[in-house]
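Enquirer: What follows is start.txt, compact mmCIF, C-alpha atoms.
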# COMPACT_ATOMS: atom_id res chain seq x y z
CA MET A 1 11.75 26.68 1.66
CA GLY A 2 11.17 24.69 4.79
CA GLN A 3 13.68 22.94 6.96
CA ALA A 4 13.17 19.75 4.98
CA GLY A 5 14.86 21.52 2.07
CA ALA A 6 17.98 22.34 4.07
CA PHE A 7 21.07 21.24 2.17
CA SER A 8 18.82 19.62 -0.45
CA HIS A 9 20.90 21.18 -3.21
CA LEU A 10 23.92 19.27 -1.90
CA LEU A 11 22.09 15.97 -2.32
CA ASP A 12 20.67 16.50 -5.80
CA TRP A 13 20.79 12.81 -6.68
CA ALA A 14 19.75 13.40 -10.28
CA TRP A 15 22.76 15.68 -10.76
CA ILE A 16 25.12 13.32 -8.92
CA SER A 17 23.98 10.27 -10.92
CA TYR A 18 24.28 12.26 -14.16
CA ILE A 19 27.88 13.24 -13.38
CA LEU A 20 28.75 9.70 -12.30
CA ARG A 21 27.24 8.30 -15.49
CA ILE A 22 29.37 10.68 -17.57
CA TYR A 23 32.57 9.87 -15.72
CA MET A 24 32.00 6.13 -15.55
CA SER A 25 30.94 5.72 -19.18
CA SER A 26 33.06 8.36 -20.92
CA LYS A 27 36.16 6.27 -21.40
CA THR A 28 34.44 3.17 -22.72
CA GLU A 29 31.91 5.17 -24.71
CA PHE A 30 34.62 7.08 -26.55
CA GLN A 31 36.67 3.94 -27.14
CA ARG A 32 33.71 2.36 -28.95
CA LEU A 33 33.08 5.29 -31.29
CA PRO A 34 34.72 5.40 -34.72
CA THR A 35 37.22 8.20 -35.30
CA LEU A 36 34.84 10.07 -37.61
CA ALA A 37 32.13 10.06 -34.90
CA LEU A 38 34.66 11.33 -32.35
CA ARG A 39 35.67 14.17 -34.67
CA GLN A 40 32.02 15.06 -35.34
CA ARG A 41 31.22 15.08 -31.65
CA LYS A 42 34.29 17.20 -30.94
CA ALA A 43 33.27 19.71 -33.64
CA ARG A 44 29.74 19.88 -32.20
CA LEU A 45 31.09 20.47 -28.68
CA LEU A 46 33.46 23.18 -29.91
CA ARG A 47 30.62 24.94 -31.78
CA SER A 48 28.45 24.83 -28.66
CA LEU A 49 31.25 26.00 -26.40
CA GLN A 50 30.54 29.55 -25.32
CA LEU A 51 32.18 31.13 -22.34
CA PRO A 52 29.31 32.47 -20.23
CA HIS A 53 30.00 35.84 -18.68
CA HIS A 54 28.06 34.95 -15.53
CA LEU A 55 29.86 31.84 -14.27
CA ILE A 56 31.11 31.40 -10.72
CA HIS A 57 33.38 28.67 -9.39
CA ALA A 58 31.84 28.20 -5.95
CA SER A 59 29.38 26.12 -3.96
CA LEU A 60 25.93 27.37 -3.05
CA LEU A 61 25.00 26.45 0.51
CA GLU A 62 21.65 26.71 2.28
CA ARG A 63 21.86 26.88 6.05
CA PHE A 64 19.47 27.01 8.99
CA LEU A 65 21.00 28.44 12.15
CA THR A 66 20.42 28.81 15.87
CA CYS A 67 20.90 32.17 17.53
CA GLY A 68 22.47 33.10 20.86
CA ARG A 69 19.20 33.74 22.73
CA PRO A 70 18.69 30.78 25.10
CA ASN A 71 14.85 30.94 25.11
CA CYS A 72 14.45 31.27 21.32
CA SER A 73 12.39 28.62 19.51
CA CYS A 74 15.38 27.91 17.26
CA HIS A 75 16.83 25.78 20.07
CA GLN A 76 13.70 23.55 19.98
CA GLY A 77 14.04 22.77 16.29
CA GLN A 78 12.53 25.78 14.45
CA LYS A 79 15.85 27.21 13.26
CA HIS A 80 16.33 30.59 11.60
CA GLY A 81 16.72 30.60 7.84
CA PRO A 82 17.23 29.61 5.20
CA PHE A 83 20.41 31.60 4.70
CA PHE A 84 22.22 31.16 1.40
CA TYR A 85 25.99 31.42 1.04
CA LEU A 86 28.44 31.17 -1.83
CA ASN A 87 31.57 29.38 -0.64
CA ARG A 88 34.85 29.30 -2.54
CA CYS A 89 37.99 27.40 -1.58
CA LEU A 90 41.13 29.52 -1.44
CA PRO A 91 44.78 28.49 -1.35
CA LYS A 92 46.26 27.03 1.83
CA GLY A 93 42.96 25.49 2.96
CA ARG A 94 41.17 28.79 3.46
CA MET A 95 37.56 29.50 2.54
CA SER A 96 35.77 32.59 1.25
CA SER A 97 32.08 32.89 2.05
CA LEU A 98 29.52 35.41 0.79
CA LEU A 99 26.07 35.76 2.36
CA LEU A 100 23.44 36.21 -0.35
CA LYS A 101 20.97 38.78 0.93
CA SER A 102 18.15 38.67 -1.60
CA ASP A 103 16.21 36.12 -3.63
CA ALA A 104 17.57 37.74 -6.79
CA GLN A 105 21.13 37.10 -5.61
CA VAL A 106 20.30 33.46 -4.84
CA ILE A 107 18.81 32.96 -8.31
CA GLN A 108 21.83 34.60 -9.98
CA ALA A 109 24.22 32.52 -7.88
CA ARG A 110 22.41 29.27 -8.78
CA GLN A 111 22.59 30.13 -12.48
CA ALA A 112 26.26 31.13 -12.28
CA VAL A 113 27.30 27.98 -10.42
CA GLN A 114 25.32 25.85 -12.92
CA ALA A 115 26.96 27.67 -15.85
CA TYR A 116 30.38 26.85 -14.42
CA ARG A 117 29.45 23.17 -13.99
CA GLN A 118 28.16 22.96 -17.56
CA LEU A 119 31.36 24.52 -18.88
CA LEU A 120 33.44 21.99 -16.93
CA GLU A 121 31.32 19.13 -18.28
CA THR A 122 31.86 20.26 -21.88
CA LEU A 123 35.60 20.67 -21.31
CA ASP A 124 35.76 17.21 -19.74
CA GLN A 125 34.06 15.64 -22.76
CA LEU A 126 36.49 17.42 -25.10
CA SER A 127 39.37 16.16 -23.00
CA TRP A 128 38.12 12.53 -23.20
CA ILE A 129 37.75 12.81 -26.98
CA ASN A 130 41.25 14.26 -27.37
CA LEU A 131 42.68 11.54 -25.14
CA GLU A 132 41.02 8.84 -27.24
CA LEU A 133 42.21 10.44 -30.50
CA LEU A 134 45.78 10.51 -29.16
CA ARG A 135 45.48 6.89 -28.00
CA ARG A 136 44.55 5.95 -31.57
CA GLY A 137 47.50 7.91 -32.96
CA GLU A 138 45.22 10.48 -34.57
CA PRO A 139 45.99 14.19 -34.75
CA LEU A 140 43.97 16.44 -32.46
CA ALA A 141 43.43 19.17 -35.04
CA GLY A 142 42.02 16.97 -37.80
CA GLU A 143 45.01 16.91 -40.15
CA PRO A 144 46.56 13.59 -41.16
CA VAL A 145 49.43 12.36 -39.04
CA PRO A 146 52.78 13.12 -40.73
CA ALA A 147 54.57 9.91 -41.71
Can you present the structure in this file as structure tokens?
Expert:
Amino acid sequence: MGQAGAFSHLLDWAWISYILRIYMSSKTEFQRLPTLALRQRKARLLRSLQLPHHLIHASLLERFLTCGRPNCSCHQGQKHGPFFYLNRCLPKGRMSSLLLKSDAQVIQARQAVQAYRQLLETLDQLSWINLELLRRGEPLAGEPVPA
């Protein structure tokens, strides 16, 4: 990757627009669906829900750095890198950072972070469906509401 790709994963506009579309349309989309369609969608999501063993709740960062040598070309724009890090927020505003040392680690980290995001997306959709079912006075488990 060249310097032009620095932090490009942070600005993945396709991913950002996809997430925004889900969040902006979820409420109204679910309100328009009939109860049967909501239940079918919920059942499909639950069947597809598998807890991946390789997920990681972190951010993958790509950095280009300057070194401490004053005459190095990195001070004229040709920075060292890319270096890939996994960052995780900790309690009390602290941060944990892990330098990924091989291409294999970077690939595994990308897949693990993506698996976590996909799991969150599925859980969010289930949550919206359950919220809409409750709003309609429907039971969450599929049984009729006791009178």
Enquirer: So what do you get for CA of Gln125 (chain A) versus CA of Gln108 (chain A), distance-wise?
Expert: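 Here the two named atoms are 25.9 Å from each other.
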Enquirer: Which one is closest to Ser96 (chain A): A:Arg69, A:Arg117, A:His57, A:His75? Count only C-alpha atoms.
Expert: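 Looking at the shortest contact to Ser96 (chain A), the residue is A:His57.
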Enquirer: How many Å separate CA of Glu138 (chain A) from CA of Arg47 (chain A)?
Expert: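 Those two atoms sit 20.7 Å apart.
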Enquirer: Around region 89-99 of chain A, fit a box with edges along x, y and z, padding it by 4 Å on each side, then list its centre and edge lengths in Å to one decimal as JSON.
Expert:
{"center_x": 36.2, "center_y": 30.6, "center_z": 0.9, "size_x": 28.2, "size_y": 18.3, "size_z": 13.0}
Enquirer: To one decimal in Å, tell me the separation between CA of Arg63 (chain A) and CA of Asp103 (chain A).
Expert: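 Separation of CA of Arg63 (chain A) and CA of Asp103 (chain A): 14.5 Å.
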Enquirer: Tell me, as a PyMOL selection string, which residues lie within 7 Å of Phe64 (chain A), counting all atoms listed in the file; anything in the same chain fewer than 5 positions away does not count.
Expert: chain A and resi 6+79-83
Enquirer: When you count only C-alpha atoms, which of these residues is closest to Ala115 (chain A): A:Thr35, A:Arg44, A:Ser102, A:Leu55?
Expert: A:Leu55
Enquirer: Choose the residue, out of A:Leu36, A:Ala104, A:Ala109, A:Leu120, that has the smallest atom-to-atom separation from Tyr85 (chain A); count only C-alpha atoms.
Expert: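 Checking each of A:Leu36, A:Ala104, A:Ala109, A:Leu120 against Tyr85 (chain A), counting only C-alpha atoms, the winner is A:Ala109.
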Enquirer: For Val113 (chain A), work out the shell of residues within 6 Å, counting all atoms listed in the file and skipping chain neighbours fewer than 3 positions away, then give it as a PDB file with C-alpha atoms, in the coordinates of the input.
Expert:
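Written out: around.pdb:
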ATOM      1  CA  ILE A  56      31.110  31.400 -10.720  1.00  0.00           C
ATOM      2  CA  ARG A 110      22.410  29.270  -8.780  1.00  0.00           C
ATOM      3  CA  TYR A 116      30.380  26.850 -14.420  1.00  0.00           C
TER       4      TYR A 116
END
Enquirer: Give me the residues within 12 Å of Leu119 (chain A) as a list of chain:residue names, counting all atoms listed in the file and dropping any in the same chain fewer than 5 places off.
Expert: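 Near Leu119 (chain A), the qualifying residues are A:Leu45, A:Leu46, A:Ser48, A:Leu49, A:Gln50, A:Leu51, A:Pro52, A:His53, A:His54, A:Leu55, A:Ile56, A:His57, A:Ala112, A:Val113, A:Gln114, A:Asp124, A:Gln125, A:Leu126.
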Enquirer: Restricting the calculation to all atoms listed in the file: of A:Glu121, A:Arg32, A:Gly68, A:Ser59, which residue gets closest to Leu98 (chain A)?
Expert: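 Looking only at the distances to Leu98 (chain A), the closest residue turns out to be A:Ser59.
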